[in-house]
Every structure is written in structure tokens, then in C-alpha cells.
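> This is the content of target20.txt (compact mmCIF, C-alpha atoms):
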```
# COMPACT_ATOMS: atom_id res chain seq x y z
CA MET G 4 30.84 -8.57 12.66
CA ASN G 5 28.90 -10.66 15.14
CA ILE G 6 25.87 -8.59 16.19
CA ARG G 7 24.46 -10.00 19.42
CA ARG G 8 21.89 -7.43 20.53
CA ILE G 9 20.01 -4.60 18.83
CA VAL G 10 17.63 -2.13 20.45
CA LEU G 11 15.42 -0.22 18.03
CA ASP G 12 12.93 2.61 18.43
CA VAL G 13 10.05 1.62 16.13
CA ASP G 14 6.76 3.43 15.53
CA LYS G 15 3.66 2.17 13.78
CA ALA G 16 0.13 3.32 13.11
CA ILE G 17 -2.49 2.18 15.63
CA ALA G 18 -4.58 0.21 13.15
CA ARG G 19 -1.87 -1.65 11.30
CA PRO G 20 0.47 -3.46 11.23
CA SER G 21 -0.34 -5.42 14.37
CA LEU G 22 2.44 -6.23 16.82
CA LEU G 23 2.04 -9.86 15.75
CA ASP G 24 2.74 -8.87 12.13
CA VAL G 25 5.93 -7.13 13.26
CA ALA G 26 6.88 -10.11 15.43
CA LYS G 27 6.35 -12.56 12.56
CA ALA G 28 8.62 -10.44 10.36
CA ILE G 29 11.40 -10.27 12.96
CA ASP G 30 11.17 -13.99 13.62
CA THR G 31 12.25 -14.75 10.05
CA VAL G 32 15.54 -12.78 10.26
CA THR G 33 18.77 -14.77 10.22
CA GLY G 34 20.55 -14.90 13.58
CA VAL G 35 17.58 -13.85 15.72
CA GLU G 36 17.14 -16.12 18.73
CA ALA G 37 14.74 -14.08 20.86
CA PHE G 38 13.24 -10.63 20.94
CA ASP G 39 10.96 -8.38 22.91
CA ILE G 40 8.54 -5.73 21.68
CA THR G 41 7.52 -3.24 24.36
CA VAL G 42 4.93 -0.56 23.75
CA THR G 43 6.30 2.66 25.20
CA GLU G 44 3.64 5.14 24.19
CA ILE G 45 0.27 5.27 22.52
CA ASP G 46 -1.28 8.41 21.14
CA LEU G 47 -4.32 9.02 18.98
CA GLU G 48 -3.00 7.40 15.80
CA THR G 49 0.44 5.91 16.50
CA VAL G 50 2.08 3.39 18.80
CA GLY G 51 5.71 3.76 19.89
CA THR G 52 7.66 0.61 20.67
CA ILE G 53 11.13 -0.44 21.74
CA ILE G 54 12.22 -3.67 20.10
CA THR G 55 15.09 -5.59 21.66
CA VAL G 56 16.51 -8.36 19.50
CA GLU G 57 19.10 -10.88 20.70
CA GLY G 58 20.91 -13.64 18.88
CA VAL G 59 24.14 -14.53 17.13
CA ASP G 60 25.36 -12.83 13.98
CA ILE G 61 22.06 -10.99 13.48
CA ASP G 62 21.51 -9.75 9.94
CA TYR G 63 20.95 -6.05 10.70
CA GLU G 64 20.02 -4.91 7.17
CA SER G 65 17.52 -7.74 6.84
CA LEU G 66 16.06 -6.95 10.26
CA ILE G 67 15.39 -3.31 9.34
CA GLN G 68 14.04 -4.28 5.92
CA ARG G 69 11.69 -6.91 7.38
CA ILE G 70 10.35 -4.56 10.05
CA GLU G 71 9.73 -1.76 7.54
CA SER G 72 8.17 -4.17 5.06
CA THR G 73 5.30 -4.60 7.52
CA GLY G 74 4.61 -0.86 7.49
CA ALA G 75 6.25 -0.09 10.84
CA MET G 76 8.96 2.57 10.77
CA VAL G 77 12.38 2.29 12.43
CA HIS G 78 13.17 5.67 13.98
CA SER G 79 16.54 4.99 15.52
CA LEU G 80 19.09 2.40 16.54
CA ASP G 81 19.38 2.89 20.28
CA GLU G 82 21.77 0.10 21.27
CA LEU G 83 24.09 -2.27 19.48
CA VAL G 84 26.12 -5.04 21.09
CA VAL G 85 28.78 -6.70 18.94
CA GLY G 86 31.44 -9.33 19.59
CA SER G 87 32.02 -12.70 21.18
CA ARG G 88 30.40 -11.82 24.51
CA ASP G 89 27.71 -9.58 25.92
CA VAL G 90 28.68 -6.11 27.14
CA ALA G 91 26.65 -4.08 29.62
CA GLY G 92 25.56 -0.79 28.12
CA ALA G 93 26.61 2.53 29.64
CA GLU G 94 24.00 4.61 31.47
CA ARG G 95 23.05 7.61 29.42
CA ARG G 96 24.19 10.90 31.00
CA ARG G 97 23.32 14.47 30.09
CA MET X 9 -19.11 -15.31 18.07
CA TRP X 10 -16.52 -15.64 15.27
CA PRO X 11 -13.78 -16.58 17.77
CA ALA X 12 -11.10 -17.19 15.11
CA LEU X 13 -11.43 -13.75 13.51
CA SER X 14 -9.82 -10.53 14.63
CA ALA X 15 -12.02 -7.63 15.70
CA GLY X 16 -11.11 -5.78 12.51
CA ALA X 17 -12.14 -8.72 10.32
CA ARG X 18 -15.43 -9.08 12.19
CA HIS X 19 -16.18 -5.39 11.69
CA ARG X 20 -15.44 -5.64 7.97
CA ILE X 21 -17.65 -8.71 7.55
CA LEU X 22 -20.49 -7.09 9.47
CA PHE X 23 -20.15 -3.89 7.44
CA ALA X 24 -20.04 -5.67 4.09
CA THR X 25 -22.88 -8.06 4.94
CA ALA X 26 -25.22 -5.40 6.31
CA LEU X 27 -24.47 -3.03 3.45
CA GLY X 28 -24.80 -5.74 0.80
CA PHE X 29 -28.06 -7.28 1.97
CA SER X 30 -29.76 -3.97 2.66
CA ASP X 31 -28.53 -2.54 -0.66
CA GLY X 32 -29.70 -5.58 -2.61
CA ILE X 33 -33.15 -5.75 -1.04
CA LEU X 34 -33.78 -2.01 -1.28
CA THR X 35 -32.46 -1.71 -4.84
CA ALA X 36 -34.69 -4.61 -5.96
CA LEU X 37 -37.67 -3.01 -4.23
CA MET X 38 -36.96 0.34 -5.82
CA LEU X 39 -36.66 -1.15 -9.30
CA ALA X 40 -39.33 -3.83 -9.21
CA ALA X 41 -41.95 -2.75 -6.66
CA GLY X 42 -43.99 -1.04 -9.35
CA ARG X 43 -44.49 -4.31 -11.22
CA LEU X 44 -44.66 -6.56 -8.18
CA TRP X 45 -47.36 -4.38 -6.62
CA VAL X 46 -49.78 -5.00 -9.50
CA GLY X 47 -49.30 -8.75 -9.17
CA ASP X 48 -46.78 -9.23 -11.98
CA THR X 49 -43.88 -11.61 -11.64
CA ILE X 50 -40.45 -10.72 -12.93
CA PRO X 51 -38.99 -13.18 -15.47
CA LEU X 52 -36.02 -15.13 -14.16
CA ASP X 53 -33.53 -13.61 -16.59
CA LEU X 54 -34.65 -10.10 -15.66
CA THR X 55 -34.50 -11.06 -11.98
CA LEU X 56 -30.90 -12.16 -12.37
CA ARG X 57 -30.01 -9.05 -14.39
CA ILE X 58 -31.53 -6.74 -11.76
CA ALA X 59 -29.65 -8.55 -8.98
CA ALA X 60 -26.42 -8.54 -10.99
CA ALA X 61 -26.74 -4.86 -11.88
CA GLY X 62 -27.16 -3.87 -8.26
CA ALA X 63 -24.33 -6.13 -7.16
CA LEU X 64 -21.88 -4.95 -9.83
CA SER X 65 -22.52 -1.24 -9.31
CA GLY X 66 -22.22 -1.83 -5.57
CA LEU X 67 -18.97 -3.74 -6.11
CA ALA X 68 -17.41 -0.85 -8.00
CA THR X 69 -18.61 1.95 -5.76
CA LEU X 70 -17.82 0.18 -2.49
CA PHE X 71 -14.35 -0.82 -3.71
CA LEU X 72 -13.59 2.78 -4.69
CA ALA X 73 -14.94 4.19 -1.44
CA GLU X 74 -13.24 1.59 0.76
CA TYR X 75 -9.88 1.82 -1.01
CA ALA X 76 -9.95 5.62 -0.87
CA ARG X 77 -10.79 5.46 2.85
CA LEU X 78 -7.90 3.08 3.53
CA ARG X 79 -5.46 5.16 1.46
CA LEU X 80 -6.52 8.21 3.44
CA GLU X 81 -5.87 6.21 6.61
CA MET X 82 -2.36 5.44 5.27
CA SER X 83 -1.75 9.11 4.50
CA ARG X 84 -2.76 10.13 8.01
CA ALA X 85 -0.60 7.40 9.52
CA ALA X 86 2.36 8.50 7.37
CA ALA X 87 1.97 12.07 8.59
CA GLN X 88 1.83 10.86 12.20
CA LEU X 89 4.98 8.80 11.63
CA ASN X 90 6.77 11.89 10.25
CA LEU X 91 7.07 10.44 6.76
CA ALA X 92 7.17 12.99 3.93
CA THR X 93 4.83 10.88 1.77
CA PRO X 94 2.75 7.75 2.35
CA ASN X 95 4.70 5.94 -0.40
CA ARG X 96 6.87 4.02 2.06
CA LEU X 97 3.78 2.67 3.76
CA ILE X 98 2.01 1.93 0.49
CA SER X 99 5.04 0.03 -0.84
CA SER X 100 5.18 -2.07 2.33
CA ALA X 101 2.93 -5.04 3.09
CA LEU X 102 0.27 -2.51 4.08
CA GLY X 103 -0.26 -1.48 0.46
CA ARG X 104 -1.21 -5.02 -0.52
CA ALA X 105 -3.18 -5.46 2.71
CA ILE X 106 -5.46 -2.48 2.08
CA LEU X 107 -5.96 -3.51 -1.55
CA GLU X 108 -6.99 -7.01 -0.47
CA GLU X 109 -9.17 -5.60 2.29
CA ALA X 110 -11.02 -3.24 -0.05
CA THR X 111 -11.44 -5.99 -2.65
CA GLY X 112 -12.66 -8.55 -0.12
CA THR X 113 -15.12 -6.14 1.47
CA ALA X 114 -16.51 -5.08 -1.92
CA MET X 115 -16.83 -8.67 -3.16
CA LEU X 116 -18.58 -9.90 -0.02
CA SER X 117 -20.92 -6.93 -0.13
CA ALA X 118 -21.68 -7.55 -3.82
CA LEU X 119 -22.47 -11.22 -3.13
CA CYS X 120 -24.81 -10.25 -0.28
CA SER X 121 -26.38 -7.59 -2.50
CA PHE X 122 -27.04 -10.18 -5.21
CA LEU X 123 -28.61 -12.60 -2.73
CA GLY X 124 -30.59 -9.82 -1.05
CA ALA X 125 -32.08 -8.68 -4.36
CA LEU X 126 -33.32 -12.21 -5.05
CA ILE X 127 -35.49 -12.23 -1.90
CA PRO X 128 -38.34 -10.05 -3.22
CA LEU X 129 -37.84 -11.01 -6.86
CA LEU X 130 -37.88 -14.78 -6.41
CA THR X 131 -40.71 -14.88 -3.89
CA ALA X 132 -43.16 -13.26 -6.34
CA PRO X 133 -43.62 -16.46 -8.42
CA LEU X 134 -44.39 -18.41 -5.22
CA ALA X 135 -47.73 -16.57 -4.93
CA PRO X 136 -48.57 -15.18 -8.36
CA GLY X 137 -51.01 -12.30 -8.30
CA VAL X 138 -50.54 -11.66 -4.59
CA PRO X 139 -48.48 -8.45 -4.56
CA ALA X 140 -48.07 -8.40 -0.81
CA VAL X 141 -45.95 -11.57 -0.78
CA PRO X 142 -42.69 -10.29 -2.37
CA VAL X 143 -42.89 -6.98 -0.51
CA ALA X 144 -43.61 -8.78 2.76
CA ALA X 145 -40.69 -11.15 2.12
CA ALA X 146 -38.40 -8.19 1.56
CA LEU X 147 -39.65 -6.45 4.70
CA ALA X 148 -39.25 -9.67 6.71
CA ALA X 149 -35.67 -10.00 5.47
CA LEU X 150 -35.00 -6.38 6.44
CA ALA X 151 -36.50 -7.03 9.87
CA ALA X 152 -34.25 -10.06 10.32
CA LEU X 153 -31.23 -8.02 9.21
CA GLY X 154 -32.21 -5.19 11.56
CA SER X 155 -32.63 -7.46 14.57
CA THR X 156 -29.31 -9.18 13.78
CA LEU X 157 -27.60 -5.80 13.62
CA GLY X 158 -29.28 -4.77 16.84
CA ARG X 159 -28.03 -7.88 18.60
CA VAL X 160 -24.48 -7.68 17.22
CA LEU X 161 -24.20 -3.95 17.95
CA GLY X 162 -25.73 -4.23 21.40
CA GLY X 163 -28.68 -2.04 20.46
CA ARG X 164 -32.44 -2.51 20.76
CA LEU X 165 -33.51 -5.31 18.42
CA VAL X 166 -37.04 -4.01 17.89
CA LEU X 167 -35.89 -0.49 17.07
CA TRP X 168 -33.30 -1.72 14.59
CA ALA X 169 -35.83 -4.03 12.95
CA LEU X 170 -38.45 -1.27 12.78
CA ALA X 171 -35.94 1.19 11.33
CA LEU X 172 -35.03 -1.15 8.49
CA VAL X 173 -38.63 -2.18 7.87
CA GLY X 174 -39.62 1.50 7.80
CA THR X 175 -36.89 2.19 5.27
CA GLY X 176 -38.13 -0.75 3.21
CA VAL X 177 -41.71 0.55 3.26
CA VAL X 178 -40.58 4.00 2.10
CA ILE X 179 -38.39 2.56 -0.67
CA ALA X 180 -41.16 0.19 -1.78
CA ALA X 181 -43.63 3.09 -1.90
CA MET X 182 -41.17 5.13 -3.96
CA GLY X 183 -40.58 2.12 -6.22
CA ILE X 184 -44.34 1.74 -6.78
CA TRP X 185 -44.61 5.44 -7.55
CA LEU X 186 -41.59 5.51 -9.89
CA ASN X 187 -42.56 2.18 -11.54
CA VAL X 188 -39.13 1.86 -13.14
CA LEU X 189 -39.79 -1.39 -15.03
CA GLY X 190 -43.10 -0.10 -16.34
```
Show this structure as C-alpha cells.

Amino acid sequence: MNIRRIVLDVDKAIARPSLLDVAKAIDTVTGVEAFDITVTEIDLETVGTIITVEGVDIDYESLIQRIESTGAMVHSLDELVVGSRDVAGAERRR
Amino acid sequence: MWPALSAGARHRILFATALGFSDGILTALMLAAGRLWVGDTIPLDLTLRIAAAGALSGLATLFLAEYARLRLEMSRAAAQLNLATPNRLISSALGRAILEEATGTAMLSALCSFLGALIPLLTAPLAPGVPAVPVAAALAALAALGSTLGRVLGGRLVLWALALVGTGVVIAAMGIWLNVLG
């Protein structure tokens, strides 16, 4: 299965790990070509982020393991794009 | 100042240095002021043992306190991240990071404590029979530490220096009164 894009909801404590620590961990995962970490909310003790990872044949298990090894916690997998080409995601409707 | 270090690392170094030096100087004053004040000098081996004793007890207590504080920080973070226990955080790189941080802080503080204790104890032989010299050296070191803290923390240099010198005077007076080394 060729995973091309993954969007994760990841939370971490304010003090540690730093975003750079998380970035360094993601950068070592097989198949990752580029990624973005966006802080979506900050409260008294935690930081919420959305991490978008793009590449070819991304090692999903390794990605989750590397992120959590830093002390950040993956809450949910919000988007997954698989295959030989990119596919636009559907707008979420309620 | 310290451009290559993160803010967290700078805070830890400042904390460990200030704690270590002040602890070393004040502990040496408390233990030795009684003898220094009557003009005695402290033999070199006893000087080193006093400095080592203060440093080693400081090493143990600061490591315990710092590690407990960081583990508590992990527990609070785990609760905020909706984890049932902090074990997942402790088993991550954070567990090793807080252990290294507590160890590094305690070791730096112990080294500063050792060096700080030598200030009053090693200046006594420079002017044998003049009791004011080692106490004045200790108070001068405390004043320098206070003014450095005042500058780094953006406070009033004179007030910080006076506060530490005042503490040194009180501790020295108590050391003279207690006369621990006899």
C-alpha cells in the first residue's frame, strides 16, 4: 500500500517535547518527503497540532512510533491518501 | 548571552549555579565561621572534606527534588493529554530527558557548591590570624553572585547583592554562635 499523505491530530505538553524534537523524529521515517506541523490550539499545559506528512510509501507504523517516542501523543488519524496519485479529500459534512 | 542555548537550558544553568554557589558559601560559613572568626585556619584536608560534604549532600537532595518535580510535571502533562497513567510519557524519550536533566542540574549545582565552599575556607590561610578576611571573601562572593542574579533577572543589582550579603552575615553569625568545628 503506497501511503502518500497522512494528516494526524497530535497533542503534546507545553514544556516538552519541542516541535523541533517532533520534527526531527518525523524526518527519520522512511518515505517521508515533506511535512508540516501546525499548532491549532494552546491551553495552559498542552499544545494541539495538526501534522501533515507527504511522501511515497510512508511507513505509517514507524511514523506513529517515532512521534510517540518523543512524548507527543497521536490522538487521531484525520486523513489518509493512498495510491499512485493524489486524491482531493471530501469536505466534511454534518 | 548564551546564544546557543535554549531558554530552558539557560534557566537550568542559572538555577543550578545560583543554588550551588550560594549553598556552598553559606554551608562553609555555617560550619567553619566559628573557627575562622577566632583567627584559625582550616587544614586543607578538612577544607576539602567540608566542601565535598556540602556538595555531595546537595547533589543527592537536589537530584531527588528535581527528578520528583519533573516526574510530577510528566504526571500533570499525562493527565492533560488524557492518558490514564504517565507511563507512556515516561517510557518515551521524555523519561530519559528528565533523568538527564535532573542529573545534570544536580551535578552542576554540586560542582558550584564545592567551589563556593572553597572561597571562605581557602582565603583564611592567605591572611592568617585576620578573621575578617575569609568572611569578607565569602560576603564579596555573595555580593557578586547577587549582582549577577540581579542583572540576569532584570532586578535591582544593589538590592540583590545586599540580600545575599545580609543572608551571609546572618549565617556567619549563626556559624560563629554554633561553632560546629569547635
> Show me, as a PDB file with C-alpha atoms, in the coordinates of the input, every residue of chain G with an atom at most 7 Å from chain X, counting only C-alpha atoms.

```pdb
ATOM      1  CA  ASP G  14       6.760   3.430  15.530  1.00  0.00           C
ATOM      2  CA  ALA G  16       0.130   3.320  13.110  1.00  0.00           C
ATOM      3  CA  GLU G  48      -3.000   7.400  15.800  1.00  0.00           C
ATOM      4  CA  THR G  49       0.440   5.910  16.500  1.00  0.00           C
ATOM      5  CA  GLU G  71       9.730  -1.760   7.540  1.00  0.00           C
ATOM      6  CA  SER G  72       8.170  -4.170   5.060  1.00  0.00           C
ATOM      7  CA  THR G  73       5.300  -4.600   7.520  1.00  0.00           C
ATOM      8  CA  GLY G  74       4.610  -0.860   7.490  1.00  0.00           C
TER       9      GLY G  74
END
```
> May I ask which of the residues G:Arg19, G:Arg88, G:Lys27, G:Arg69 is the closest one to G:Val50, counting only C-alpha atoms?
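Checking each candidate against G:Val50, we get G:Arg19 as the closest.
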> Rounded to one decimal in Å, what is the spacing between atom CA of X:Gly124 and atom CA of X:Tyr75?
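It comes out at 23.8 Å.
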> Near X:Phe23, within 12 Å and counting only C-alpha atoms, which residues show up once chain neighbours fewer than 6 positions away are dropped, as an mmCIF file with C-alpha atoms, keeping the file's coordinate frame?

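Contents of selection_29.cif, as written:
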```
data_model
loop_
_atom_site.group_PDB
_atom_site.id
_atom_site.type_symbol
_atom_site.label_atom_id
_atom_site.label_comp_id
_atom_site.auth_asym_id
_atom_site.auth_seq_id
_atom_site.Cartn_x
_atom_site.Cartn_y
_atom_site.Cartn_z
ATOM 1 C CA GLY X 16 -11.110 -5.780 12.510
ATOM 2 C CA ALA X 17 -12.140 -8.720 10.320
ATOM 3 C CA PHE X 29 -28.060 -7.280 1.970
ATOM 4 C CA SER X 30 -29.760 -3.970 2.660
ATOM 5 C CA ASP X 31 -28.530 -2.540 -0.660
ATOM 6 C CA LEU X 70 -17.820 0.180 -2.490
ATOM 7 C CA GLU X 74 -13.240 1.590 0.760
ATOM 8 C CA ALA X 110 -11.020 -3.240 -0.050
ATOM 9 C CA GLY X 112 -12.660 -8.550 -0.120
ATOM 10 C CA THR X 113 -15.120 -6.140 1.470
ATOM 11 C CA ALA X 114 -16.510 -5.080 -1.920
ATOM 12 C CA LEU X 116 -18.580 -9.900 -0.020
ATOM 13 C CA SER X 117 -20.920 -6.930 -0.130
ATOM 14 C CA ALA X 118 -21.680 -7.550 -3.820
ATOM 15 C CA CYS X 120 -24.810 -10.250 -0.280
ATOM 16 C CA LEU X 153 -31.230 -8.020 9.210
ATOM 17 C CA LEU X 157 -27.600 -5.800 13.620
ATOM 18 C CA VAL X 160 -24.480 -7.680 17.220
ATOM 19 C CA LEU X 161 -24.200 -3.950 17.950
#
```
> For a test of reading the model, state the distance in Å between atom CA of X:Ser155 and atom CA of X:Ala61, rounded to one decimal.
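Computing the Euclidean distance for atom CA of X:Ser155 and atom CA of X:Ala61 yields 27.2 Å.
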> For atom CA of X:Leu134 and atom CA of X:Leu44, determine how far apart the two atoms are, in Å to one decimal place.
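Calculated distance between atom CA of X:Leu134 and atom CA of X:Leu44 is 12.2 Å.
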> Counting only C-alpha atoms, which residues have an atom no more than 6 Å from (9.5, -0.7, 15.9) in the file's coordinates? Please list them as a ChimeraX atom specification.
/G:12-14,52,54,77
> Compare X:Leu107, X:Pro133, X:Leu72, X:Gly32 by their minimum atom-to-atom distance to X:Leu52, counting all atoms listed in the file, and give me the closest one.
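When distances to X:Leu52 are compared using all atoms listed in the file, the smallest one comes from X:Pro133.
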> Under the rule that all atoms listed in the file are counted, which of X:Leu119, X:Ile179, X:Leu13, X:Leu130 is the nearest residue to X:Leu27?
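Smallest separation from X:Leu27 among the options: X:Leu119.
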> Work out where the centre of an axis-aligned box around every listed atom of stretch 109-119 of chain X lies and how long its edges are once 4 Å is added on each side; give both in Å to one decimal as AutoDock Vina command-line options.

```
--center_x -15.8 --center_y -7.2 --center_z -0.8 --size_x 21.3 --size_y 16.0 --size_z 14.1
```
> For X:Thr35, list every protein, DNA or RNA residue within 9 Å, evaluated using only C-alpha atoms, and leave out those in the same chain fewer than 6 positions away; present the list as a list in words.
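Listed by chain and then number, they are Ile58, Ala59, Gly62, Ser121, Ala125 and Ile179 of chain X.
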> As number ranges by chain, please: the residues near X:Ala171 (cut-off 12 Å, all atoms listed in the file, same-chain neighbours under 2 positions excluded).
X: 30, 147, 150-155, 157-158, 164-169, 173-178
> Quick one: of G:Ile70, G:Leu47, G:Ile61, G:Val25, who's nearest to G:Gly86, counting all atoms listed in the file?
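For G:Gly86, the nearest of the candidates is G:Ile61.
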> From the list X:Gly190, X:Gly137, X:Gly183, X:Gly162, which residue is nearest X:Gly47 when using only C-alpha atoms?
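For X:Gly47, the nearest of the given residues is X:Gly137.
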